[in-house]
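Novice: This is run-v5.cif (mmCIF, C-alpha atoms and all ligand atoms).
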data_query
loop_
_atom_site.label_atom_id
_atom_site.label_comp_id
_atom_site.auth_asym_id
_atom_site.auth_seq_id
_atom_site.Cartn_x
_atom_site.Cartn_y
_atom_site.Cartn_z
CA MET A 1 45.98 154.25 123.09
CA THR A 2 47.01 157.90 122.81
CA LYS A 3 44.30 160.29 121.60
CA TYR A 4 45.05 163.62 119.93
CA GLN A 5 42.57 166.42 119.24
CA THR A 6 43.67 168.86 116.52
CA ASP A 7 42.28 171.17 113.87
CA VAL A 8 43.92 169.53 110.83
CA ALA A 9 45.52 166.09 110.63
CA ILE A 10 48.15 166.16 107.89
CA LEU A 11 49.04 162.85 106.26
CA GLY A 12 52.60 163.13 104.91
CA GLY A 13 55.66 164.97 106.17
CA GLY A 14 57.07 165.95 102.78
CA PRO A 15 57.15 169.49 101.37
CA SER A 16 53.35 169.73 101.02
CA GLY A 17 52.57 168.57 104.54
CA LEU A 18 55.33 170.59 106.17
CA MET A 19 54.47 173.80 104.29
CA LEU A 20 50.77 173.44 105.10
CA SER A 21 51.51 172.85 108.78
CA ARG A 22 53.78 175.90 108.85
CA LEU A 23 51.25 178.23 107.20
CA LEU A 24 48.49 177.08 109.60
CA LEU A 25 50.81 177.42 112.60
CA LEU A 26 51.43 181.07 111.73
CA GLU A 27 47.66 181.62 111.99
CA GLY A 28 47.32 179.73 115.27
CA ILE A 29 45.70 176.71 113.63
CA ARG A 30 46.80 173.40 115.17
CA SER A 31 47.92 170.39 113.11
CA VAL A 32 49.47 166.97 113.62
CA ILE A 33 51.67 165.46 110.90
CA ILE A 34 51.57 161.69 110.35
CA GLU A 35 54.56 160.43 108.37
CA ARG A 36 55.21 156.85 107.30
CA GLN A 37 59.00 157.14 107.05
CA PRO A 38 61.57 158.29 109.60
CA MET A 39 61.93 162.06 109.13
CA GLN A 40 65.67 161.60 108.51
CA HIS A 41 64.74 159.58 105.41
CA VAL A 42 62.37 162.31 104.22
CA LEU A 43 65.02 164.99 104.77
CA GLU A 44 67.60 163.13 102.67
CA ARG A 45 65.41 162.76 99.54
CA ILE A 46 66.97 164.33 96.45
CA ARG A 47 64.46 165.98 94.10
CA ALA A 48 64.32 168.74 91.50
CA GLY A 49 65.71 172.10 92.51
CA VAL A 50 63.95 174.81 90.48
CA LEU A 51 61.69 177.16 92.47
CA GLU A 52 59.19 179.46 90.77
CA GLU A 53 58.94 183.00 92.14
CA GLY A 54 55.58 182.02 93.64
CA SER A 55 57.25 179.25 95.63
CA VAL A 56 59.99 181.55 96.92
CA ASN A 57 57.30 184.09 97.85
CA LEU A 58 55.41 181.39 99.76
CA MET A 59 58.57 180.46 101.63
CA GLN A 60 59.03 184.14 102.51
CA ASN A 61 55.39 184.33 103.69
CA ALA A 62 56.13 181.27 105.82
CA GLY A 63 59.07 183.12 107.38
CA LEU A 64 61.57 180.97 105.53
CA GLY A 65 62.92 183.42 102.96
CA ASP A 66 66.36 184.12 104.46
CA ARG A 67 68.33 181.01 103.43
CA VAL A 68 66.69 180.45 100.06
CA LEU A 69 67.35 184.09 99.12
CA ARG A 70 70.92 183.90 100.51
CA GLU A 71 71.94 180.48 99.18
CA GLY A 72 69.57 179.96 96.27
CA GLN A 73 70.98 180.72 92.82
CA ARG A 74 68.92 183.27 90.83
CA HIS A 75 68.66 182.12 87.18
CA SER A 76 67.42 184.43 84.43
CA GLY A 77 67.49 181.88 81.64
CA PHE A 78 68.30 178.38 80.46
CA ARG A 79 69.35 176.69 77.24
CA ILE A 80 67.58 174.18 75.04
CA THR A 81 69.85 172.28 72.65
CA TYR A 82 68.77 170.15 69.71
CA GLY A 83 71.71 168.13 68.47
CA ASP A 84 74.37 170.82 68.12
CA ASP A 85 71.84 173.64 67.64
CA GLU A 86 71.03 175.66 70.73
CA LEU A 87 68.62 178.34 71.94
CA ARG A 88 68.81 180.34 75.15
CA ILE A 89 65.43 181.15 76.67
CA ASP A 90 65.93 184.55 78.32
CA ILE A 91 63.18 184.22 80.92
CA GLU A 92 64.01 187.53 82.61
CA LYS A 93 63.77 189.51 79.33
CA LEU A 94 60.66 187.61 78.21
CA THR A 95 58.75 187.68 81.53
CA GLY A 96 60.52 190.08 83.91
CA LYS A 97 60.82 187.13 86.32
CA HIS A 98 63.45 184.55 87.25
CA VAL A 99 63.67 181.12 88.88
CA THR A 100 65.75 180.09 91.90
CA ILE A 101 67.90 176.97 91.99
CA TYR A 102 67.60 175.58 95.53
CA GLY A 103 67.47 171.81 96.10
CA GLN A 104 64.22 170.38 97.46
CA THR A 105 66.34 168.75 100.15
CA GLU A 106 67.11 172.27 101.42
CA VAL A 107 63.45 173.32 101.17
CA THR A 108 62.39 170.32 103.25
CA LYS A 109 65.11 170.97 105.83
CA ASP A 110 64.01 174.61 106.21
CA LEU A 111 60.34 173.59 106.53
CA PHE A 112 61.04 170.80 109.00
CA ALA A 113 63.06 173.09 111.26
CA SER A 114 60.29 175.72 111.19
CA VAL A 115 57.63 173.19 112.16
CA SER A 116 59.30 170.73 114.53
CA GLY A 117 60.98 173.61 116.36
CA ASN A 118 57.61 175.27 117.07
CA GLY A 119 55.71 172.57 118.88
CA ILE A 120 54.02 170.87 115.93
CA ARG A 121 53.68 167.18 116.67
CA ILE A 122 55.21 165.04 113.92
CA LEU A 123 54.46 161.34 114.29
CA ASP A 124 57.03 159.73 112.00
CA SER A 125 57.77 156.06 111.26
CA VAL A 126 54.03 155.56 111.60
CA THR A 127 52.77 152.13 110.62
CA ASP A 128 49.34 151.20 109.40
CA ALA A 129 47.73 154.66 109.34
CA LYS A 130 44.04 154.41 108.44
CA ILE A 131 41.31 157.00 107.81
CA HIS A 132 37.84 156.40 109.25
CA ASN A 133 34.44 158.16 108.90
CA LEU A 134 35.74 160.44 106.14
CA ASP A 135 32.34 161.80 105.12
CA SER A 136 31.19 162.60 108.66
CA ASP A 137 32.18 165.00 111.40
CA GLN A 138 33.56 162.03 113.35
CA VAL A 139 36.49 161.66 110.98
CA LYS A 140 39.58 160.11 112.57
CA ILE A 141 42.99 158.66 111.77
CA ILE A 142 44.33 155.66 113.65
CA GLY A 143 47.80 154.15 113.50
CA SER A 144 50.85 153.08 115.48
CA HIS A 145 53.82 155.23 116.42
CA GLY A 146 56.63 153.27 118.01
CA ASN A 147 54.87 150.84 120.34
CA GLU A 148 52.00 153.26 120.93
CA ASP A 149 48.64 153.05 119.11
CA PHE A 150 47.07 156.43 118.49
CA GLU A 151 43.81 158.04 117.41
CA ILE A 152 43.64 161.55 115.95
CA HIS A 153 40.31 163.40 115.96
CA PRO A 154 40.68 166.38 113.59
CA LYS A 155 38.18 168.75 112.04
CA PHE A 156 39.78 168.07 108.65
CA ILE A 157 42.36 165.78 107.03
CA ALA A 158 44.93 167.10 104.55
CA GLY A 159 46.15 164.34 102.24
CA CYS A 160 49.78 165.32 101.57
CA ASP A 161 51.00 161.72 101.42
CA GLY A 162 52.28 161.61 97.87
CA PHE A 163 51.39 159.43 94.91
CA LYS A 164 51.62 156.15 96.88
CA GLY A 165 49.79 157.41 99.94
CA ILE A 166 46.42 156.37 101.36
CA SER A 167 44.48 159.64 101.15
CA ARG A 168 43.58 159.56 97.44
CA GLN A 169 42.62 155.88 97.88
CA ALA A 170 40.20 156.92 100.64
CA ILE A 171 38.02 158.74 98.09
CA PRO A 172 35.41 156.20 96.90
CA ALA A 173 36.03 155.03 93.30
CA ASP A 174 32.63 156.32 92.17
CA LYS A 175 33.40 159.77 93.58
CA LYS A 176 36.63 160.41 91.61
CA ASN A 177 38.18 160.23 88.15
CA GLU A 178 41.88 159.64 87.50
CA TYR A 179 43.68 160.74 84.34
CA GLU A 180 47.12 159.36 83.44
CA ARG A 181 49.87 159.19 80.84
CA VAL A 182 52.76 156.80 81.56
CA TYR A 183 55.88 157.56 79.53
CA PRO A 184 57.99 154.70 78.09
CA PHE A 185 61.14 156.08 79.68
CA GLY A 186 62.58 157.32 82.96
CA TRP A 187 65.25 159.75 84.11
CA LEU A 188 68.53 158.36 85.41
CA GLY A 189 69.83 161.04 87.77
CA VAL A 190 73.39 161.48 89.07
CA LEU A 191 74.72 163.83 91.73
CA SER A 192 78.46 164.49 91.43
CA GLU A 193 80.97 166.73 93.19
CA THR A 194 82.00 168.36 89.92
CA LYS A 195 81.86 171.82 88.37
CA PRO A 196 78.48 172.25 86.60
CA ALA A 197 78.51 172.10 82.79
CA ASP A 198 77.40 175.74 82.66
CA HIS A 199 76.14 178.54 84.92
CA GLU A 200 72.57 177.88 83.71
CA LEU A 201 70.52 174.71 83.06
CA ILE A 202 70.83 172.92 79.72
CA TYR A 203 67.90 170.84 78.43
CA ALA A 204 69.41 168.74 75.62
CA SER A 205 67.31 166.95 72.98
CA HIS A 206 69.22 164.41 70.90
CA GLU A 207 68.22 161.65 68.49
CA ASP A 208 69.40 159.13 71.09
CA GLY A 209 67.49 160.74 73.95
CA PHE A 210 67.11 163.58 76.44
CA SER A 211 69.72 164.91 78.89
CA LEU A 212 69.63 167.65 81.50
CA CYS A 213 72.60 169.50 82.97
CA SER A 214 71.67 171.08 86.30
CA MET A 215 73.38 171.90 89.56
CA ARG A 216 73.02 172.41 93.32
CA ASN A 217 75.94 174.86 93.68
CA GLU A 218 79.18 175.69 91.87
CA CYS A 219 80.83 172.50 93.16
CA LEU A 220 77.86 170.12 93.03
CA SER A 221 76.27 169.07 89.72
CA ARG A 222 73.00 167.28 89.02
CA TYR A 223 72.66 165.48 85.67
CA TYR A 224 69.95 163.33 84.09
CA VAL A 225 69.78 161.14 80.99
CA GLN A 226 66.67 159.51 79.51
CA CYS A 227 66.67 155.74 80.01
CA PRO A 228 64.23 152.90 79.14
CA ALA A 229 61.37 152.67 81.67
CA GLY A 230 62.38 149.18 82.87
CA ASP A 231 66.08 149.96 83.50
CA SER A 232 67.67 149.55 86.91
CA VAL A 233 70.50 151.59 88.39
CA GLU A 234 72.71 148.47 88.36
CA GLN A 235 72.68 148.60 84.54
CA TRP A 236 74.24 152.05 84.56
CA SER A 237 77.89 152.31 85.56
CA ASP A 238 79.25 155.81 86.05
CA ASP A 239 81.23 155.41 82.79
CA ARG A 240 78.10 154.45 80.84
CA PHE A 241 76.28 157.45 82.32
CA TRP A 242 79.01 159.98 81.46
CA ASP A 243 79.49 158.51 77.94
CA THR A 244 75.74 158.79 77.28
CA LEU A 245 75.52 162.34 78.64
CA LYS A 246 78.54 163.53 76.64
CA ARG A 247 77.12 162.00 73.45
CA GLN A 248 73.72 163.68 73.91
CA ILE A 249 74.84 167.24 74.73
CA PRO A 250 76.55 169.59 72.26
CA SER A 251 80.22 168.72 71.71
CA THR A 252 81.28 172.23 72.76
CA ILE A 253 79.87 171.48 76.22
CA ALA A 254 80.86 167.80 76.34
CA ASN A 255 84.49 168.58 75.55
CA ASN A 256 84.79 170.67 78.72
CA LEU A 257 82.62 168.53 80.97
CA GLU A 258 84.13 167.65 84.35
CA THR A 259 83.12 164.10 85.29
CA GLY A 260 83.53 162.29 88.58
CA PRO A 261 82.12 159.53 90.81
CA SER A 262 78.38 159.58 91.42
CA LEU A 263 77.46 160.51 94.98
CA GLU A 264 73.87 159.46 94.29
CA LYS A 265 72.38 157.61 91.34
CA SER A 266 68.66 156.84 90.90
CA ILE A 267 66.01 156.26 88.26
CA ALA A 268 62.68 158.11 88.38
CA PRO A 269 59.75 156.90 86.25
CA LEU A 270 57.88 159.57 84.30
CA ARG A 271 54.14 159.95 84.38
CA SER A 272 51.44 162.60 84.10
CA PHE A 273 48.57 162.03 86.52
CA VAL A 274 45.62 163.97 87.93
CA CYS A 275 42.87 162.94 90.35
CA GLU A 276 39.57 164.83 90.24
CA PRO A 277 38.27 166.10 92.56
CA LEU A 278 40.91 166.89 95.20
CA SER A 279 38.45 166.78 98.07
CA PHE A 280 35.84 164.46 99.56
CA GLY A 281 34.00 165.09 102.81
CA ARG A 282 36.55 166.29 105.39
CA LEU A 283 39.54 165.27 103.20
CA PHE A 284 41.51 167.71 101.05
CA ILE A 285 44.37 166.43 98.88
CA ALA A 286 47.46 168.48 97.95
CA GLY A 287 50.72 167.87 96.08
CA ASP A 288 51.83 164.55 94.67
CA ALA A 289 48.88 162.83 96.39
CA GLY A 290 46.64 164.47 93.81
CA HIS A 291 48.82 164.87 90.73
CA ILE A 292 52.15 163.98 89.16
CA VAL A 293 54.04 165.75 86.40
CA PRO A 294 57.11 164.57 84.44
CA PRO A 295 60.07 166.51 85.93
CA THR A 296 60.92 168.17 82.59
CA GLY A 297 59.20 171.40 83.51
CA ALA A 298 60.34 171.25 87.17
CA LYS A 299 56.71 171.69 88.31
CA GLY A 300 56.31 168.99 91.00
CA LEU A 301 57.27 170.98 94.09
CA ASN A 302 55.96 174.24 92.65
CA LEU A 303 52.50 172.75 92.01
CA ALA A 304 52.48 171.25 95.52
CA PHE A 305 53.12 174.74 96.91
CA SER A 306 50.31 176.38 94.94
CA ASP A 307 47.93 173.64 96.15
CA VAL A 308 49.06 174.30 99.72
CA TYR A 309 48.62 178.04 99.26
CA TYR A 310 44.98 177.59 98.17
CA LEU A 311 44.26 174.96 100.84
CA SER A 312 45.81 177.01 103.65
CA LYS A 313 43.60 179.97 102.69
CA GLY A 314 40.58 177.66 102.87
CA PHE A 315 41.45 176.38 106.34
CA ILE A 316 42.35 179.84 107.65
CA THR A 317 39.06 181.34 106.40
CA PHE A 318 37.16 178.45 107.99
CA PHE A 319 38.83 178.54 111.39
CA LYS A 320 39.01 182.35 111.59
CA ASP A 321 35.69 183.35 110.00
CA LYS A 322 33.70 180.08 110.08
CA ASN A 323 33.41 180.50 106.30
CA GLU A 324 33.70 177.28 104.24
CA GLN A 325 33.53 178.95 100.81
CA LEU A 326 37.25 178.74 99.96
CA LEU A 327 37.32 175.10 101.07
CA LYS A 328 34.38 174.39 98.77
CA GLU A 329 36.25 176.10 95.92
CA TYR A 330 39.64 174.53 96.69
CA SER A 331 39.52 171.57 94.30
CA ASP A 332 38.37 173.53 91.24
CA ARG A 333 40.80 176.38 91.94
CA ALA A 334 43.79 174.05 92.39
CA LEU A 335 42.88 171.86 89.40
CA ASP A 336 42.73 174.90 87.10
CA ARG A 337 46.43 175.65 87.74
CA ILE A 338 47.35 171.94 87.92
CA TRP A 339 46.04 171.16 84.44
CA LYS A 340 47.89 174.13 82.92
CA SER A 341 51.12 172.85 84.47
CA GLU A 342 50.30 169.29 83.34
CA ARG A 343 49.94 170.59 79.80
CA PHE A 344 53.24 172.48 79.92
CA SER A 345 55.14 169.54 81.45
CA TRP A 346 53.68 167.12 78.88
CA TRP A 347 54.55 169.52 76.02
CA MET A 348 58.15 170.06 77.21
CA THR A 349 58.57 166.29 77.70
CA SER A 350 57.22 165.57 74.19
CA LEU A 351 59.51 168.21 72.69
CA LEU A 352 62.72 167.01 74.31
CA HIS A 353 62.48 163.19 74.58
CA ARG A 354 62.52 160.41 71.99
CA PHE A 355 59.66 157.91 72.10
CA ASP A 356 59.86 154.24 71.04
CA ASN A 357 58.92 153.36 67.42
CA GLU A 358 58.62 156.96 66.28
CA ASP A 359 58.31 157.58 62.54
CA GLY A 360 59.98 160.34 60.55
CA PHE A 361 56.83 162.47 60.82
CA ALA A 362 57.20 162.71 64.63
CA GLU A 363 60.85 163.71 64.40
CA ARG A 364 60.13 166.39 61.80
CA LEU A 365 57.31 167.78 63.95
CA ARG A 366 59.76 168.00 66.87
CA ARG A 367 62.37 169.73 64.74
CA ALA A 368 59.76 172.18 63.42
CA GLU A 369 58.73 172.93 67.03
CA PHE A 370 62.36 173.71 67.94
CA LYS A 371 62.87 175.84 64.82
CA TYR A 372 59.65 177.78 65.52
CA LEU A 373 60.86 178.42 69.07
CA CYS A 374 64.15 179.74 67.67
CA GLN A 375 62.32 182.05 65.27
CA SER A 376 59.43 183.28 67.43
CA GLU A 377 59.95 185.45 70.50
CA ASP A 378 56.22 185.13 71.17
CA TYR A 379 56.55 181.32 71.35
CA GLN A 380 59.62 181.69 73.58
CA ARG A 381 57.53 183.96 75.83
CA VAL A 382 54.84 181.28 76.13
CA LEU A 383 57.50 178.75 77.20
CA ALA A 384 59.17 181.20 79.60
CA THR A 385 55.84 182.29 81.16
CA ASN A 386 54.98 178.68 81.97
CA TYR A 387 58.49 177.83 83.15
CA VAL A 388 58.69 180.70 85.68
CA GLY A 389 55.22 179.73 86.92
CA LEU A 390 51.70 180.85 86.10
CA PRO A 391 50.07 183.17 88.67
CA TYR A 392 48.38 181.59 91.72
N1 LIG B 401 51.02 157.62 105.83
C1 LIG B 401 51.84 158.65 106.17
N2 LIG B 401 52.73 159.21 105.34
C2 LIG B 401 52.82 158.69 104.10
C3 LIG B 401 52.00 157.63 103.66
C4 LIG B 401 51.07 157.09 104.59
N3 LIG B 401 50.28 156.07 104.26
N4 LIG B 401 52.34 157.34 102.36
C5 LIG B 401 53.30 158.21 102.02
N5 LIG B 401 53.61 159.02 103.04
C6 LIG B 401 54.61 160.08 103.09
C7 LIG B 401 55.85 159.80 102.28
O1 LIG B 401 56.78 159.03 103.05
C8 LIG B 401 56.36 161.21 102.00
O2 LIG B 401 57.28 161.63 102.97
O3 LIG B 401 54.05 161.25 102.50
C9 LIG B 401 55.11 162.09 102.04
C10 LIG B 401 54.75 162.63 100.66
O4 LIG B 401 55.81 163.50 100.25
P1 LIG B 401 56.13 163.70 98.68
O5 LIG B 401 56.00 162.39 98.00
O6 LIG B 401 57.44 164.42 98.61
O7 LIG B 401 54.97 164.62 98.14
P2 LIG B 401 54.68 166.16 98.42
O8 LIG B 401 54.91 166.49 99.86
O9 LIG B 401 53.38 166.42 97.82
O10 LIG B 401 55.83 166.93 97.61
C11 LIG B 401 55.81 166.99 96.23
O11 LIG B 401 58.02 166.12 96.34
O12 LIG B 401 58.34 163.97 95.59
C12 LIG B 401 58.51 165.27 95.29
O13 LIG B 401 58.49 165.42 92.94
C13 LIG B 401 57.73 165.65 94.08
O14 LIG B 401 58.71 167.77 94.04
C14 LIG B 401 57.49 167.08 94.32
C15 LIG B 401 57.25 167.17 95.80
C1 LIG B 402 67.19 169.36 89.07
O1 LIG B 402 68.10 170.20 89.25
O2 LIG B 402 67.09 168.31 89.76
C2 LIG B 402 66.16 169.63 87.99
C3 LIG B 402 66.18 170.86 87.35
C4 LIG B 402 65.24 171.12 86.35
C5 LIG B 402 64.30 170.15 86.02
C6 LIG B 402 64.28 168.91 86.68
C7 LIG B 402 65.22 168.64 87.67
O3 LIG B 402 63.39 170.40 85.04
#
Represent the structure contained in this file as structure tokens.
Specialist:
Amino acid sequence: MTKYQTDVAILGGGPSGLMLSRLLLLEGIRSVIIERQPMQHVLERIRAGVLEEGSVNLMQNAGLGDRVLREGQRHSGFRITYGDDELRIDIEKLTGKHVTIYGQTEVTKDLFASVSGNGIRILDSVTDAKIHNLDSDQVKIIGSHGNEDFEIHPKFIAGCDGFKGISRQAIPADKKNEYERVYPFGWLGVLSETKPADHELIYASHEDGFSLCSMRNECLSRYYVQCPAGDSVEQWSDDRFWDTLKRQIPSTIANNLETGPSLEKSIAPLRSFVCEPLSFGRLFIAGDAGHIVPPTGAKGLNLAFSDVYYLSKGFITFFKDKNEQLLKEYSDRALDRIWKSERFSWWMTSLLHRFDNEDGFAERLRRAEFKYLCQSEDYQRVLATNYVGLPY
């Protein structure tokens, strides 16, 4: 049995856990990361690639601004299309801000290098991690790492272990409420070594369903099409994917679309989910462990980073000044921004997707929403302000 003493035990070695560990490290606060998967698996995950300015600022504060500023693509707008009608949302004109296209895979690589290379212990491929004595000052995590059993005795636990992790489950049922919307569709995503459809993102709403044209760089494209919730990747050949995408985006774009073999193909289910509160005893939950948004608004990683920003301030104030106030306020402060992003992501998903068994009323509401966006710069500003990210 190996025993570790540390300030904060972080469950989960994804973006939330790695960013939190990095921010604490910079303030001399010790942490141990416990990750269920091999880190190589974590580093290869492909996720959304739109960073709010707040997220890029956080990466700069974490000493990780160089590559994202050098390699990230600065975008000042994106297009929404509705059948063959289209509207460009000029986010820089409307908000004075921009977003950065930089794959989450790259974010995680930068974070991992900044943490593992600076003495932070990352226990990966951990089996059977368990939390004990959560509402006492004897809190501990036990598990197995390789053929070694371990015990970690931290002051606090940060639950950064994603939607399917154990930390949210450790909060007693009568001490939490969970709020959820499950959508009747998913996103089939394809990565292809092709020239992107355009230099900016295109969110395409069509009577047959939603599509998204995105990219990772000028030679690597990322596309999505809406698919039924129960579909499997095996049901979607590359030809079926490209035919569906080209049917659902404006013909002017489809006619010039470069297609090619999929390097990666996967289906992500869509849900909106929030757990309240995000803390219990010595446990504080951040990122996907506490909330999920449909990827339409590209808020998943960005919300995880604002959680981690608030939580890191709470830990730093505690360990530096022995002041627990920010930790006590963490859950309410994080949930305020989370619910605003949940609303935006739900609204953008409702605007752009087609739901089963819709009547003509629903479709006319959606068309009126799009027309109002086209006619109202104020309404475009509301969309743009949420898309670039609300203030922390
Ligand atoms: N013990 C240890 N680690 C665990 C456990 C467990 N019981 N369960 C899950 N994990 C790990 C997962 O393997 C994963 O690496 O926790 C990590 C959680 O990472 P994410 O799911 O990426 O969540 P988060 O770090 O909050 O990042 C949110 O990542 O998934 C995307 O769309 C999401 O962009 C958002 C961002
Ligand atoms: C992506 O590039 O993967 C992406 C971009 C924008 C989104 C979702 C995903 O809203």
Novice: Counting only C-alpha atoms, figure out which residue out of A:Leu20, A:Leu245, A:Cys275, A:Ala268 gets nearest to Phe185 in chain A.
Specialist: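 Counting only C-alpha atoms, the residue closest to Phe185 in chain A is A:Ala268.
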Novice: 6 Å from ligand LIG 402 (chain B) is the threshold here; counting all atoms listed in the file, which polymer residues fall inside it? Answer as number ranges by chain.
Specialist: A: 47-50, 214-215, 222, 295-298
Novice: Could you take the residues named above and write them with C-alpha atoms, as an mmCIF file, in the frame of the given file?
Specialist:
data_model
loop_
_atom_site.group_PDB
_atom_site.id
_atom_site.type_symbol
_atom_site.label_atom_id
_atom_site.label_comp_id
_atom_site.auth_asym_id
_atom_site.auth_seq_id
_atom_site.Cartn_x
_atom_site.Cartn_y
_atom_site.Cartn_z
ATOM 1 C CA ARG A 47 64.460 165.980 94.100
ATOM 2 C CA ALA A 48 64.320 168.740 91.500
ATOM 3 C CA GLY A 49 65.710 172.100 92.510
ATOM 4 C CA VAL A 50 63.950 174.810 90.480
ATOM 5 C CA SER A 214 71.670 171.080 86.300
ATOM 6 C CA MET A 215 73.380 171.900 89.560
ATOM 7 C CA ARG A 222 73.000 167.280 89.020
ATOM 8 C CA PRO A 295 60.070 166.510 85.930
ATOM 9 C CA THR A 296 60.920 168.170 82.590
ATOM 10 C CA GLY A 297 59.200 171.400 83.510
ATOM 11 C CA ALA A 298 60.340 171.250 87.170
#
Novice: Point out the residue among A:Val293, A:Ile91, A:Val182, A:Ala204 with the least atom-to-atom distance to ligand LIG 401 (chain B), counting only C-alpha atoms and all ligand atoms.
Specialist: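 Smallest separation from ligand LIG 401 (chain B) among the options: A:Val293.
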Novice: Looking at only C-alpha atoms, which of A:Arg240, A:His153, A:Arg22, A:Arg88 is the one that sits closest to Leu111 in chain A?
Specialist: A:Arg22
Novice: Between CA of Ile34 in chain A and CA of Asp66 in chain A, what is the distance in Å, rounded to a tenth?
Specialist: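 It comes out at 27.5 Å.
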Novice: Neighbouring residues of ligand LIG 401 (chain B) are defined here as those with any atom at most 8 Å from a ligand atom, counting only C-alpha atoms and all ligand atoms; list them as a PyMOL selection string.
Specialist: chain A and resi 11-18+34-37+39+42+47-48+104+124+126-130+160-167+286-289+292-293+295+298-304
Novice: Quick one: everything within 9 Å of range 186-199 of chain A, counting only C-alpha atoms, minus sequence neighbours fewer than 2 positions away in the same chain. Send it as a ChimeraX atom specification.
Specialist: /A:75,183-184,201-202,210-211,213-233,236,238,241,253-254,256-271,295
Novice: Write out as a PyMOL selection string the residues lying within 12 Å of Thr317 in chain A, counting only C-alpha atoms and excluding same-chain residues fewer than 3 positions away.
Specialist: chain A and resi 24+27+29+310-314+320-328+330
Novice: Could you check the closest approach to Phe319 in chain A for each of A:Val8, A:Ile157, A:Val382, A:Ile141 and tell me which residue wins, using all atoms listed in the file?
Specialist: A:Val8
Novice: For a quick check of understanding, using only C-alpha atoms, which of A:Glu106, A:Phe280, A:Glu148, A:Tyr309 has the smallest distance to Ala62 in chain A?
Specialist: A:Tyr309
Novice: Up to 10 Å from (50.9, 175.3, 75.1) in the file's coordinates: name the residues, counting all atoms listed in the file, as a ChimeraX atom specification.
Specialist: /A:340-341,343-348,379,382-383,386
Novice: Would you save the residues of that selection, restricted to C-alpha atoms, as a compact mmCIF listing (two decimals), in the coordinates of the input?
Specialist:
# COMPACT_ATOMS: atom_id res chain seq x y z
CA LYS A 340 47.89 174.13 82.92
CA SER A 341 51.12 172.85 84.47
CA ARG A 343 49.94 170.59 79.80
CA PHE A 344 53.24 172.48 79.92
CA SER A 345 55.14 169.54 81.45
CA TRP A 346 53.68 167.12 78.88
CA TRP A 347 54.55 169.52 76.02
CA MET A 348 58.15 170.06 77.21
CA TYR A 379 56.55 181.32 71.35
CA VAL A 382 54.84 181.28 76.13
CA LEU A 383 57.50 178.75 77.20
CA ASN A 386 54.98 178.68 81.97
Novice: So which residues fall inside 12 Å of (77.1, 171.9, 64.1) if we count all atoms listed in the file? Mind giving them as a list in words?
Specialist: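 Protein and nucleic acid residues near the point are Thr81, Tyr82, Gly83, Asp84, Asp85, Glu86, Ile249, Pro250, Ser251 and Thr252 of chain A.
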Novice: Work out how far CA of Ile120 in chain A is from CA of Gly281 in chain A, in Å to one decimal.
Specialist: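 These two atoms are separated by 24.6 Å.
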Novice: I'd like the interatomic distance between CA of Thr100 in chain A and CA of Arg367 in chain A, to a tenth of an Å.
Specialist: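 If I compute the distance from CA of Thr100 in chain A to CA of Arg367 in chain A, I get 29.3 Å.
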Novice: Which one is closest to Val115 in chain A: A:Ile101, A:Val32, A:Leu51, A:Ala158? Count all atoms listed in the file.
Specialist: A:Val32
Novice: Name the residues in contact with Gly63 in chain A at a cut-off of 12 Å, using all atoms listed in the file, excluding same-chain residues fewer than 3 positions from it; report them as number ranges by chain.
Specialist: A: 19, 22-23, 25-26, 56-60, 66-69, 110-111, 113-115
Novice: Let's have the selection written as a PDB file, in the coordinates of the input, with C-alpha atoms.
Specialist:
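Generated output (result38.pdb):
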ATOM      1  CA  MET A  19      54.470 173.800 104.290  1.00  0.00           C
ATOM      2  CA  ARG A  22      53.780 175.900 108.850  1.00  0.00           C
ATOM      3  CA  LEU A  23      51.250 178.230 107.200  1.00  0.00           C
ATOM      4  CA  LEU A  25      50.810 177.420 112.600  1.00  0.00           C
ATOM      5  CA  LEU A  26      51.430 181.070 111.730  1.00  0.00           C
ATOM      6  CA  VAL A  56      59.990 181.550  96.920  1.00  0.00           C
ATOM      7  CA  ASN A  57      57.300 184.090  97.850  1.00  0.00           C
ATOM      8  CA  LEU A  58      55.410 181.390  99.760  1.00  0.00           C
ATOM      9  CA  MET A  59      58.570 180.460 101.630  1.00  0.00           C
ATOM     10  CA  GLN A  60      59.030 184.140 102.510  1.00  0.00           C
ATOM     11  CA  ASP A  66      66.360 184.120 104.460  1.00  0.00           C
ATOM     12  CA  ARG A  67      68.330 181.010 103.430  1.00  0.00           C
ATOM     13  CA  VAL A  68      66.690 180.450 100.060  1.00  0.00           C
ATOM     14  CA  LEU A  69      67.350 184.090  99.120  1.00  0.00           C
ATOM     15  CA  ASP A 110      64.010 174.610 106.210  1.00  0.00           C
ATOM     16  CA  LEU A 111      60.340 173.590 106.530  1.00  0.00           C
ATOM     17  CA  ALA A 113      63.060 173.090 111.260  1.00  0.00           C
ATOM     18  CA  SER A 114      60.290 175.720 111.190  1.00  0.00           C
ATOM     19  CA  VAL A 115      57.630 173.190 112.160  1.00  0.00           C
TER      20      VAL A 115
END
Novice: Applying 12 Å and all atoms listed in the file, which residues near Asp135 in chain A remain after dropping the ones on its own chain fewer than 4 positions away? List them as a list in words.
Specialist: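 After dropping sequence-adjacent residues, the list is Ile131, Val139, Lys140, Lys155, Phe156, Ile157, Ala170, Ile171, Pro172, Lys175, Ser279, Phe280, Gly281, Arg282, Leu283 and Phe284 of chain A.
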Novice: What's the 9 Å shell around Tyr179 in chain A, counting all atoms listed in the file, without same-chain residues fewer than 2 positions away, as a PyMOL selection string?
Specialist: chain A and resi 177+181+272-276
